[in-house]
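Pasted below: run.csv, CSV, C-alpha atoms and all ligand atoms.
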chain,number,residue,atom,x,y,z
A,1,MET,CA,3.8,-35.6,-2.2
A,2,GLY,CA,2.8,-32.2,-0.8
A,3,THR,CA,1.1,-31.5,2.4
A,4,ALA,CA,-2.5,-30.1,2.5
A,5,ILE,CA,-2.8,-26.8,4.3
A,6,LYS,CA,-5.4,-24.1,4.7
A,7,GLY,CA,-4.8,-21.2,2.4
A,8,ARG,CA,-5.1,-17.6,3.6
A,9,ARG,CA,-7.4,-16.5,0.7
A,10,SER,CA,-11.1,-17.4,0.6
A,11,GLY,CA,-10.5,-20.5,2.7
A,12,THR,CA,-9.1,-22.5,-0.2
A,13,THR,CA,-7.1,-25.7,0.5
A,14,THR,CA,-3.6,-25.3,-1.0
A,15,VAL,CA,-0.8,-27.8,-1.4
A,16,LEU,CA,2.9,-27.4,-0.6
A,17,GLY,CA,5.3,-28.0,-3.4
A,18,GLU,CA,8.1,-30.5,-3.6
A,19,VAL,CA,10.0,-29.4,-0.6
A,20,PRO,CA,8.6,-30.8,2.7
A,21,ARG,CA,7.8,-28.1,5.2
A,22,GLU,CA,9.8,-29.7,8.0
A,23,SER,CA,12.9,-29.9,5.8
A,24,THR,CA,15.8,-27.7,7.0
A,25,ALA,CA,19.4,-27.0,5.9
A,26,PRO,CA,21.9,-24.5,7.3
A,27,GLY,CA,22.2,-21.2,5.4
A,28,THR,CA,18.8,-21.6,3.7
A,29,VAL,CA,15.2,-20.7,4.2
A,30,LEU,CA,12.0,-22.3,3.0
A,31,LEU,CA,10.2,-19.7,0.9
A,32,ARG,CA,6.5,-20.5,0.6
A,33,VAL,CA,4.9,-18.5,-2.2
A,34,TYR,CA,1.3,-18.0,-3.0
A,35,ARG,CA,0.6,-19.1,-6.6
A,36,HIS,CA,-2.6,-18.5,-8.6
A,37,ASN,CA,-3.4,-17.4,-12.1
A,38,PRO,CA,-7.1,-16.4,-12.0
A,39,CYS,CA,-7.2,-16.2,-15.9
A,40,ALA,CA,-6.1,-19.8,-16.3
A,41,VAL,CA,-9.0,-22.2,-16.4
A,42,GLY,CA,-8.8,-24.8,-13.6
A,43,ASP,CA,-5.8,-23.1,-11.9
A,44,GLU,CA,-6.4,-23.2,-8.1
A,45,PRO,CA,-4.7,-21.1,-5.4
A,46,ARG,CA,-1.9,-23.0,-3.8
A,47,MET,CA,1.4,-22.5,-2.0
A,48,THR,CA,4.7,-23.5,-3.6
A,49,THR,CA,7.8,-24.1,-1.4
A,50,PHE,CA,11.4,-23.4,-2.5
A,51,ARG,CA,14.6,-23.8,-0.6
A,52,VAL,CA,16.6,-20.6,-1.0
A,53,PRO,CA,20.2,-20.0,0.0
A,54,VAL,CA,20.4,-17.0,2.3
A,55,ALA,CA,23.2,-14.4,2.0
A,56,LYS,CA,23.9,-11.6,4.5
A,57,GLY,CA,21.5,-8.7,3.9
A,58,MET,CA,19.3,-10.8,1.6
A,59,THR,CA,15.8,-9.4,1.3
A,60,VAL,CA,12.5,-11.2,0.6
A,61,LEU,CA,12.6,-9.6,-2.9
A,62,ASP,CA,16.1,-11.0,-3.4
A,63,ALA,CA,14.8,-14.5,-2.5
A,64,LEU,CA,12.0,-14.2,-5.0
A,65,LEU,CA,14.4,-13.1,-7.6
A,66,TRP,CA,16.7,-16.1,-6.8
A,67,VAL,CA,13.7,-18.4,-7.3
A,68,LYS,CA,12.8,-16.7,-10.6
A,69,GLU,CA,16.4,-16.9,-11.9
A,70,ASN,CA,17.3,-20.4,-10.7
A,71,VAL,CA,14.1,-22.5,-10.3
A,72,ASP,CA,10.9,-21.1,-11.6
A,73,PRO,CA,10.9,-18.3,-14.3
A,74,GLY,CA,7.1,-18.3,-14.2
A,75,LEU,CA,6.9,-16.9,-10.7
A,76,ALA,CA,5.1,-13.5,-10.9
A,77,PHE,CA,5.8,-10.5,-8.6
A,78,ARG,CA,6.3,-6.8,-9.1
A,79,TYR,CA,9.3,-4.6,-8.3
A,80,SER,CA,11.4,-1.8,-9.7
A,81,CYS,CA,13.7,0.3,-7.6
A,82,ARG,CA,14.8,-2.3,-5.0
A,83,MET,CA,15.4,0.5,-2.5
A,84,GLY,CA,12.1,1.3,-0.9
A,85,ILE,CA,11.2,4.3,-3.2
A,86,CYS,CA,8.9,3.1,-6.0
A,87,GLY,CA,6.4,1.4,-3.9
A,88,SER,CA,6.0,-1.6,-6.3
A,89,CYS,CA,7.0,-4.5,-4.2
A,90,GLY,CA,4.2,-4.6,-1.6
A,91,MET,CA,3.4,-8.1,-0.4
A,92,LEU,CA,2.4,-10.1,2.7
A,93,VAL,CA,5.5,-11.5,4.4
A,94,ASN,CA,4.5,-13.9,7.1
A,95,GLY,CA,1.1,-12.3,7.1
A,96,ARG,CA,2.1,-8.7,7.4
A,97,PRO,CA,2.1,-6.1,4.6
A,98,GLU,CA,5.7,-5.2,3.8
A,99,LEU,CA,7.9,-4.0,1.1
A,100,GLY,CA,9.8,-7.1,-0.2
A,101,CYS,CA,12.9,-5.0,-1.0
A,102,GLU,CA,13.2,-3.6,2.5
A,103,THR,CA,12.4,-6.8,4.5
A,104,GLN,CA,15.6,-8.7,5.3
A,105,ILE,CA,15.2,-12.4,5.8
A,106,ALA,CA,17.6,-12.5,8.7
A,107,GLN,CA,15.5,-10.0,10.6
A,108,LEU,CA,12.3,-12.2,10.3
A,109,GLY,CA,13.8,-14.6,12.8
A,110,THR,CA,12.4,-17.7,11.1
A,111,ASP,CA,13.6,-20.2,8.5
A,112,VAL,CA,10.1,-20.4,6.9
A,113,VAL,CA,9.1,-17.3,5.0
A,114,GLU,CA,5.6,-17.1,3.6
A,115,VAL,CA,4.9,-14.7,0.8
A,116,ALA,CA,1.4,-13.8,-0.4
A,117,PRO,CA,-0.3,-11.0,-2.4
A,118,LEU,CA,-1.5,-8.0,-0.5
A,119,THR,CA,-4.9,-8.4,1.1
A,120,ASN,CA,-7.8,-6.1,-0.1
A,121,TYR,CA,-6.5,-6.1,-3.7
A,122,PRO,CA,-7.6,-8.5,-6.5
A,123,VAL,CA,-4.9,-10.9,-7.5
A,124,VAL,CA,-3.6,-10.6,-11.1
A,125,ARG,CA,-1.2,-13.5,-10.8
A,126,ASP,CA,0.8,-15.0,-7.9
A,127,VAL,CA,2.0,-12.1,-5.8
A,128,VAL,CA,1.0,-9.4,-8.3
A,129,THR,CA,-2.1,-7.4,-7.3
A,130,ASP,CA,-4.4,-5.0,-9.2
A,131,PHE,CA,-4.0,-1.4,-8.1
A,132,GLN,CA,-6.6,0.1,-10.4
A,133,ASP,CA,-9.1,0.9,-7.7
A,134,PHE,CA,-6.3,2.2,-5.4
A,135,PHE,CA,-5.2,4.7,-8.0
A,136,GLY,CA,-8.8,5.6,-8.8
A,137,HIS,CA,-9.4,6.5,-5.1
A,138,HIS,CA,-6.2,8.5,-5.1
A,139,ARG,CA,-7.2,10.5,-8.1
A,140,ARG,CA,-10.6,11.3,-6.5
A,141,ALA,CA,-8.9,12.9,-3.6
A,142,LYS,CA,-7.4,15.5,-6.0
A,143,PRO,CA,-3.8,14.8,-4.8
A,144,TYR,CA,-2.3,18.0,-6.2
A,145,LEU,CA,-2.4,21.8,-5.6
A,146,VAL,CA,-5.4,23.5,-6.9
A,147,ARG,CA,-4.9,27.2,-7.8
A,148,LYS,CA,-7.7,29.4,-9.2
A,149,GLU,CA,-6.3,32.9,-9.6
A,150,ASN,CA,-5.6,32.3,-13.3
A,151,GLY,CA,-8.4,29.7,-13.8
A,152,GLU,CA,-8.1,26.1,-12.5
A,153,GLY,CA,-5.3,24.2,-14.2
A,154,ALA,CA,-3.7,27.4,-15.6
A,155,PRO,CA,0.0,28.0,-14.7
A,156,VAL,CA,0.8,29.9,-11.5
A,157,THR,CA,2.7,33.0,-12.4
A,158,ARG,CA,4.1,34.0,-9.0
A,159,GLU,CA,6.0,32.4,-6.2
A,160,LEU,CA,3.9,30.9,-3.4
A,161,LEU,CA,5.9,31.3,-0.2
A,162,GLN,CA,5.3,29.3,3.0
A,163,THR,CA,6.7,29.5,6.5
A,164,GLU,CA,8.5,26.5,8.0
A,165,GLU,CA,5.4,26.0,10.3
A,166,GLN,CA,3.1,25.8,7.3
A,167,LYS,CA,5.3,23.3,5.6
A,168,LEU,CA,5.6,21.1,8.7
A,169,GLU,CA,1.8,20.8,8.9
A,170,TYR,CA,1.7,18.5,5.8
A,171,TYR,CA,5.4,17.5,5.4
A,172,GLN,CA,5.2,13.9,6.7
A,173,PHE,CA,2.4,13.0,4.2
A,174,THR,CA,4.6,13.9,1.3
A,175,MET,CA,6.7,10.8,2.1
A,176,CYS,CA,4.0,8.5,0.8
A,177,ILE,CA,5.3,6.3,-2.0
A,178,MET,CA,1.8,4.8,-2.8
A,179,CYS,CA,2.9,1.3,-2.0
A,180,GLY,CA,-0.6,0.5,-0.8
A,181,LEU,CA,0.4,-1.3,2.4
A,182,CYS,CA,-1.9,0.9,4.5
A,183,ASN,CA,-4.9,0.0,2.4
A,184,ALA,CA,-3.9,-3.7,2.7
A,185,ALA,CA,-3.9,-3.4,6.5
A,186,CYS,CA,-7.2,-1.5,6.7
A,187,PRO,CA,-10.2,-3.6,7.9
A,188,ILE,CA,-12.6,-1.1,6.4
A,189,VAL,CA,-11.1,-1.3,2.9
A,190,GLY,CA,-11.7,-5.0,3.2
A,191,LEU,CA,-15.3,-4.5,4.0
A,192,ASP,CA,-16.1,-1.6,1.7
A,193,PRO,CA,-14.2,-1.5,-1.6
A,194,GLU,CA,-15.7,2.0,-2.3
A,195,PHE,CA,-14.1,3.4,0.8
A,196,LEU,CA,-11.4,5.9,-0.2
A,197,GLY,CA,-9.0,4.3,2.2
A,198,PRO,CA,-6.2,5.7,4.4
A,199,GLN,CA,-3.8,6.5,1.5
A,200,ALA,CA,-6.2,8.7,-0.5
A,201,LEU,CA,-7.7,10.3,2.6
A,202,ALA,CA,-4.2,11.2,4.1
A,203,GLN,CA,-3.3,12.7,0.7
A,204,ALA,CA,-6.5,14.7,0.7
A,205,TYR,CA,-5.5,16.1,4.1
A,206,ARG,CA,-2.0,16.8,2.9
A,207,PHE,CA,-3.3,19.1,0.2
A,208,ALA,CA,-6.3,20.5,2.2
A,209,ILE,CA,-3.9,21.8,4.8
A,210,ASP,CA,-1.4,23.2,2.4
A,211,SER,CA,-1.5,27.0,2.6
A,212,ARG,CA,-1.1,27.2,-1.2
A,213,ASP,CA,-4.1,25.1,-2.1
A,214,GLN,CA,-7.5,26.5,-3.1
A,215,GLY,CA,-9.3,23.2,-3.8
A,216,TRP,CA,-10.9,22.5,-0.5
A,217,ARG,CA,-14.5,22.9,-1.5
A,218,GLU,CA,-14.3,20.2,-4.3
A,219,ARG,CA,-12.0,18.0,-2.2
A,220,ALA,CA,-14.3,18.2,0.8
A,221,GLU,CA,-17.3,16.9,-1.2
A,222,VAL,CA,-15.3,13.8,-2.0
A,223,VAL,CA,-14.0,13.1,1.4
A,224,ASP,CA,-17.3,14.0,3.2
A,225,SER,CA,-19.3,11.2,1.5
A,226,PRO,CA,-20.6,7.8,2.6
A,227,HIS,CA,-17.3,6.2,1.6
A,228,GLY,CA,-15.2,9.0,2.8
A,229,CYS,CA,-13.3,9.9,6.0
A,230,PHE,CA,-16.0,9.1,8.5
A,231,ARG,CA,-16.0,5.5,7.3
A,232,CYS,CA,-12.7,5.2,9.1
A,233,GLU,CA,-13.1,3.5,12.6
A,234,LEU,CA,-9.5,4.3,13.7
A,235,ALA,CA,-8.1,0.8,13.8
A,236,GLY,CA,-4.7,2.4,13.3
A,237,SER,CA,-3.3,-0.6,11.3
A,238,CYS,CA,-2.6,1.7,8.3
A,239,SER,CA,0.0,3.7,10.4
A,240,ALA,CA,1.5,0.5,11.9
A,241,VAL,CA,2.5,-0.9,8.5
A,242,CYS,CA,3.7,2.2,6.7
A,243,PRO,CA,7.3,1.6,5.6
A,244,LYS,CA,8.0,5.3,5.3
A,245,GLY,CA,7.0,6.3,8.8
A,246,VAL,CA,3.9,8.2,7.6
A,247,ASP,CA,0.9,8.2,10.0
A,248,PRO,CA,-2.1,8.1,7.6
A,249,GLY,CA,-4.4,7.3,10.5
A,250,LEU,CA,-3.5,10.7,12.0
A,251,GLY,CA,-4.1,12.3,8.6
A,252,VAL,CA,-7.6,10.8,8.4
A,253,GLN,CA,-8.5,12.0,11.9
A,254,LEU,CA,-7.3,15.5,11.1
A,255,LEU,CA,-9.3,15.4,7.9
A,256,LYS,CA,-12.4,14.6,9.9
A,257,ARG,CA,-11.8,17.8,11.9
A,258,LEU,CA,-11.6,19.9,8.7
A,259,VAL,CA,-14.8,18.3,7.5
A,260,LEU,CA,-16.6,19.0,10.7
A,261,ALA,CA,-15.4,22.6,10.6
A,262,ARG,CA,-16.8,22.9,7.1
A,263,ARG,CA,-20.1,21.4,8.2
A,264,MET,CA,-20.4,24.1,10.9
A,265,GLY,CA,-19.5,26.8,8.3
A,266,ARG,CA,-16.1,27.5,9.8
A,267,ARG,CA,-14.0,26.4,6.8
B,301,LIG,S1,11.1,-2.4,-5.4
B,301,LIG,FE1,10.7,-0.2,-5.2
B,301,LIG,S2,9.9,-0.1,-3.2
B,301,LIG,FE2,10.5,-2.2,-3.4
Can I see the file as structure tokens?
Amino acid sequence: MGTAIKGRRSGTTTVLGEVPRESTAPGTVLLRVYRHNPCAVGDEPRMTTFRVPVAKGMTVLDALLWVKENVDPGLAFRYSCRMGICGSCGMLVNGRPELGCETQIAQLGTDVVEVAPLTNYPVVRDVVTDFQDFFGHHRRAKPYLVRKENGEGAPVTRELLQTEEQKLEYYQFTMCIMCGLCNAACPIVGLDPEFLGPQALAQAYRFAIDSRDQGWRERAEVVDSPHGCFRCELAGSCSAVCPKGVDPGLGVQLLKRLVLARRMGRR
């Protein structure tokens, strides 16, 4: 029989699977995975536990793949590149937003690994979450260069040169892979689903500060709104979890400075 535990989502009681939590064996970990299919009538959130053999360098994503291939083909999770580039495999690993493909089990320092869907996103099934709102917020921030000399959207017909200093102003923000971990860690995203969030705001800053961009007026109207950059209370958790070393919290604060300059007619 399983053991009743308190689930992390909406206070639901969940039940362990067939493997007792206290069970251990050398060279293995207990992988506890959140399971839920919101579309299936009567399906309740629960945790299922699997014993997984651990090899050197094995990641949490590898462990999920092992379960899918050897025990439970129905387990749902998302991934693509398996090398920290595509941003598909975001998940909570022992309560922290991580990329499953970049998180090695040996480095977690525990023989019980808990995997759950990212917070602040609706669950599609098991560890898969819905990024529709995330991408919508990203689009609203106009995450591209706007040029107007030939009409907006028309091809640029000359080379747009930049100095090294101009490039370095925005360069770190180009490293964003849109994995969504920052929004999962943000307490304001959890309170206000309309909040643009650290990812979209940092990208708005990335283009606003680019010397080649001419879209600040339209972009500023989006970020200087009730759900824009001043909703951020500088928790800093977004920057703490970014797997690519980006500092979206810094981007949001610098964006606030641009917005204030605009309000004072200086930009
Ligand atoms: S699978 Fe692409 S970032 Fe993890």
Find the residues of chain A that sit at most 6 Å from ligand LIG 301 (chain B); for each, write down the nearest two atoms and how far apart they are in Å, to one decimal. Count all atoms listed in the file. Sort by chain, then by number going up, and give it as a tab-separated table.
residue	atom	partner	partner_atom	distance
A:Tyr79	CA	B:LIG301	S1	4.1
A:Ser80	CA	B:LIG301	S1	4.4
A:Cys81	CA	B:LIG301	FE1	3.9
A:Arg82	CA	B:LIG301	S1	3.7
A:Met83	CA	B:LIG301	FE1	5.5
A:Gly84	CA	B:LIG301	S2	3.5
A:Ile85	CA	B:LIG301	S2	4.6
A:Cys86	CA	B:LIG301	FE1	3.8
A:Gly87	CA	B:LIG301	S2	3.9
A:Ser88	CA	B:LIG301	FE1	5.0
A:Cys89	CA	B:LIG301	FE2	4.3
A:Leu99	CA	B:LIG301	FE2	5.5
A:Gly100	CA	B:LIG301	FE2	5.9
A:Cys101	CA	B:LIG301	FE2	4.4
Any chance you could tabulate, as a tab-separated table, the residues of region 96-128 of chain A at most 12 Å from region 133-136 of chain A with each one's nearest atom pair and distance in Å to one decimal, using only C-alpha atoms, in chain and rising number order?
residue	atom	partner	partner_atom	distance
A:Asn120	CA	A:Phe134	CA	10.0
A:Tyr121	CA	A:Asp133	CA	8.5
A:Pro122	CA	A:Asp133	CA	9.6
Close residues, region 217-234 of chain A itself excluded, 10 Å, only C-alpha atoms, min 4 positions apart in chain, as a PyMOL selection string: chain A and resi 137+140-143+146+186-189+192-198+200-202+204-205+207-208+238+249-260+262-263+267
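Of the residues under consideration (A:Gly153, A:Pro53, A:Pro97, A:Gly265), A:Pro53 shows the shortest atom-to-atom contact distance to Leu31 (chain A) when counting all atoms listed in the file.
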Atomic distance CA of Trp216 (chain A) - CA of Glu149 (chain A), expressed in Å with one decimal: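 If I compute the distance from CA of Trp216 (chain A) to CA of Glu149 (chain A), I get 14.6 Å.
Shortest separation to Ala184 (chain A) among A:Arg96, A:Arg206, A:Arg147, A:Arg46 occurs at residue A:Arg96, atoms counted being all atoms listed in the file.
The gap separating CA of Met58 (chain A) from CA of Ala106 (chain A) is 7.5 Å, in Å to one decimal.
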Could you please determine the separation between CA of Val112 (chain A) and CA of Val241 (chain A) in Å, to one decimal place? 21.0 Å
Residues at most 12 Å from Gly151 (chain A), counting all atoms listed in the file, excluding those fewer than 6 positions away in the same chain, as a list in words?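 Here the answer would be Thr157, Gln214 and Gly215 of chain A.
With distances restricted to all atoms listed in the file, A:Arg212 is the closest residue to Arg158 (chain A) from A:Asn94, A:Thr48, A:Arg212, A:Leu75.
Each of A:Gly245, A:Arg139, A:Ala25, A:Leu191 was checked against Tyr171 (chain A) using only C-alpha atoms; the smallest atom-to-atom distance is that of A:Gly245.
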Just want the 12 Å neighbourhood of Leu168 (chain A), counted on all atoms listed in the file, with same-chain residues fewer than 6 positions away dropped. Output as a short mmCIF file (atom, residue, chain, number, x, y, z; two decimals) with C-alpha atoms, keeping the file's coordinate frame.
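Now in around_29.cif:
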data_model
loop_
_atom_site.label_atom_id
_atom_site.label_comp_id
_atom_site.auth_asym_id
_atom_site.auth_seq_id
_atom_site.Cartn_x
_atom_site.Cartn_y
_atom_site.Cartn_z
CA GLN A 162 5.30 29.30 3.00
CA THR A 174 4.60 13.90 1.30
CA ARG A 206 -2.00 16.80 2.90
CA ILE A 209 -3.90 21.80 4.80
CA ASP A 210 -1.40 23.20 2.40
CA SER A 211 -1.50 27.00 2.60
#
Residues at most 8 Å from Thr28 (chain A), counting all atoms listed in the file, excluding those fewer than 2 positions away in the same chain, as a PyMOL selection string? chain A and resi 24-26+30+51-54+111
Just want the 9 Å neighbourhood of Ala76 (chain A), counted on all atoms listed in the file, with same-chain residues fewer than 6 positions away dropped. Output as a PDB file with C-alpha atoms, keeping the file's coordinate frame.
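The resulting file, result21.pdb, is shown below:
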ATOM      1  CA  ARG A  35       0.600 -19.100  -6.600  1.00  0.00           C
ATOM      2  CA  LYS A  68      12.800 -16.700 -10.600  1.00  0.00           C
ATOM      3  CA  ARG A 125      -1.200 -13.500 -10.800  1.00  0.00           C
ATOM      4  CA  ASP A 126       0.800 -15.000  -7.900  1.00  0.00           C
ATOM      5  CA  VAL A 127       2.000 -12.100  -5.800  1.00  0.00           C
ATOM      6  CA  VAL A 128       1.000  -9.400  -8.300  1.00  0.00           C
TER       7      VAL A 128
END
Closest of A:Gly90, A:Pro73, A:Thr129, A:Pro117 to Met178 (chain A) - atom-to-atom distances counting all atoms listed in the file: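 The shortest atom-to-atom distance to Met178 (chain A) comes from A:Gly90.
Between Phe77 (chain A) and the residues A:Met47, A:Val115, A:Cys182, A:Leu108, the shortest atom-to-atom distance, using all atoms listed in the file, involves A:Val115.
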Complete the atom set of region 35-45 of chain A to all heavy atoms and return it as a short mmCIF file (atom, residue, chain, number, x, y, z; two decimals), keeping the file's coordinate frame.
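For reference, part.cif as written:
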data_model
loop_
_atom_site.label_atom_id
_atom_site.label_comp_id
_atom_site.auth_asym_id
_atom_site.auth_seq_id
_atom_site.Cartn_x
_atom_site.Cartn_y
_atom_site.Cartn_z
N ARG A 35 0.61 -19.02 -5.15
CA ARG A 35 0.60 -19.10 -6.60
C ARG A 35 -0.89 -19.20 -7.06
O ARG A 35 -1.69 -19.97 -6.53
CB ARG A 35 1.28 -20.40 -7.11
CG ARG A 35 2.64 -20.61 -6.52
CD ARG A 35 3.59 -19.49 -6.85
NE ARG A 35 3.84 -19.33 -8.27
CZ ARG A 35 4.75 -20.02 -8.96
NH1 ARG A 35 5.48 -20.94 -8.34
NH2 ARG A 35 4.94 -19.81 -10.24
N HIS A 36 -1.24 -18.42 -8.05
CA HIS A 36 -2.60 -18.50 -8.60
C HIS A 36 -2.61 -17.64 -9.88
O HIS A 36 -2.13 -16.51 -9.87
CB HIS A 36 -3.66 -18.03 -7.65
CG HIS A 36 -5.05 -18.19 -8.16
ND1 HIS A 36 -6.08 -17.34 -7.82
CD2 HIS A 36 -5.60 -19.10 -9.00
CE1 HIS A 36 -7.19 -17.71 -8.41
NE2 HIS A 36 -6.93 -18.79 -9.13
N ASN A 37 -3.18 -18.18 -10.92
CA ASN A 37 -3.40 -17.40 -12.10
C ASN A 37 -4.94 -17.41 -12.36
O ASN A 37 -5.47 -18.38 -12.91
CB ASN A 37 -2.68 -17.97 -13.33
CG ASN A 37 -2.91 -17.14 -14.58
OD1 ASN A 37 -3.66 -16.15 -14.55
ND2 ASN A 37 -2.28 -17.52 -15.67
N PRO A 38 -5.65 -16.36 -11.93
CA PRO A 38 -7.10 -16.40 -12.00
C PRO A 38 -7.60 -16.47 -13.48
O PRO A 38 -8.75 -16.86 -13.72
CB PRO A 38 -7.52 -15.00 -11.45
CG PRO A 38 -6.36 -14.56 -10.64
CD PRO A 38 -5.15 -15.13 -11.31
N CYS A 39 -6.75 -16.14 -14.45
CA CYS A 39 -7.20 -16.20 -15.90
C CYS A 39 -7.02 -17.58 -16.46
O CYS A 39 -7.50 -17.84 -17.56
CB CYS A 39 -6.34 -15.19 -16.69
SG CYS A 39 -6.64 -13.49 -16.24
N ALA A 40 -6.33 -18.47 -15.78
CA ALA A 40 -6.10 -19.80 -16.30
C ALA A 40 -7.21 -20.75 -15.82
O ALA A 40 -7.40 -20.91 -14.61
CB ALA A 40 -4.73 -20.33 -15.88
N VAL A 41 -7.92 -21.34 -16.74
CA VAL A 41 -9.00 -22.20 -16.40
C VAL A 41 -8.50 -23.41 -15.56
O VAL A 41 -7.52 -24.06 -15.94
CB VAL A 41 -9.73 -22.75 -17.66
CG1 VAL A 41 -10.86 -23.73 -17.28
CG2 VAL A 41 -10.29 -21.59 -18.47
N GLY A 42 -9.13 -23.64 -14.42
CA GLY A 42 -8.80 -24.80 -13.60
C GLY A 42 -7.59 -24.54 -12.65
O GLY A 42 -7.24 -25.41 -11.85
N ASP A 43 -6.97 -23.37 -12.73
CA ASP A 43 -5.80 -23.10 -11.90
C ASP A 43 -6.32 -22.71 -10.48
O ASP A 43 -7.06 -21.74 -10.32
CB ASP A 43 -4.98 -21.95 -12.44
CG ASP A 43 -3.67 -21.76 -11.69
OD1 ASP A 43 -2.74 -22.53 -11.93
OD2 ASP A 43 -3.60 -20.84 -10.85
N GLU A 44 -5.93 -23.46 -9.48
CA GLU A 44 -6.40 -23.20 -8.10
C GLU A 44 -5.31 -22.56 -7.28
O GLU A 44 -4.12 -22.80 -7.48
CB GLU A 44 -6.75 -24.58 -7.44
CG GLU A 44 -7.97 -25.26 -8.04
CD GLU A 44 -9.24 -24.49 -7.75
OE1 GLU A 44 -9.33 -23.88 -6.66
OE2 GLU A 44 -10.14 -24.48 -8.61
N PRO A 45 -5.71 -21.70 -6.31
CA PRO A 45 -4.70 -21.10 -5.40
C PRO A 45 -3.96 -22.20 -4.64
O PRO A 45 -4.57 -23.20 -4.22
CB PRO A 45 -5.56 -20.26 -4.45
CG PRO A 45 -6.84 -20.01 -5.17
CD PRO A 45 -7.08 -21.24 -6.02
#
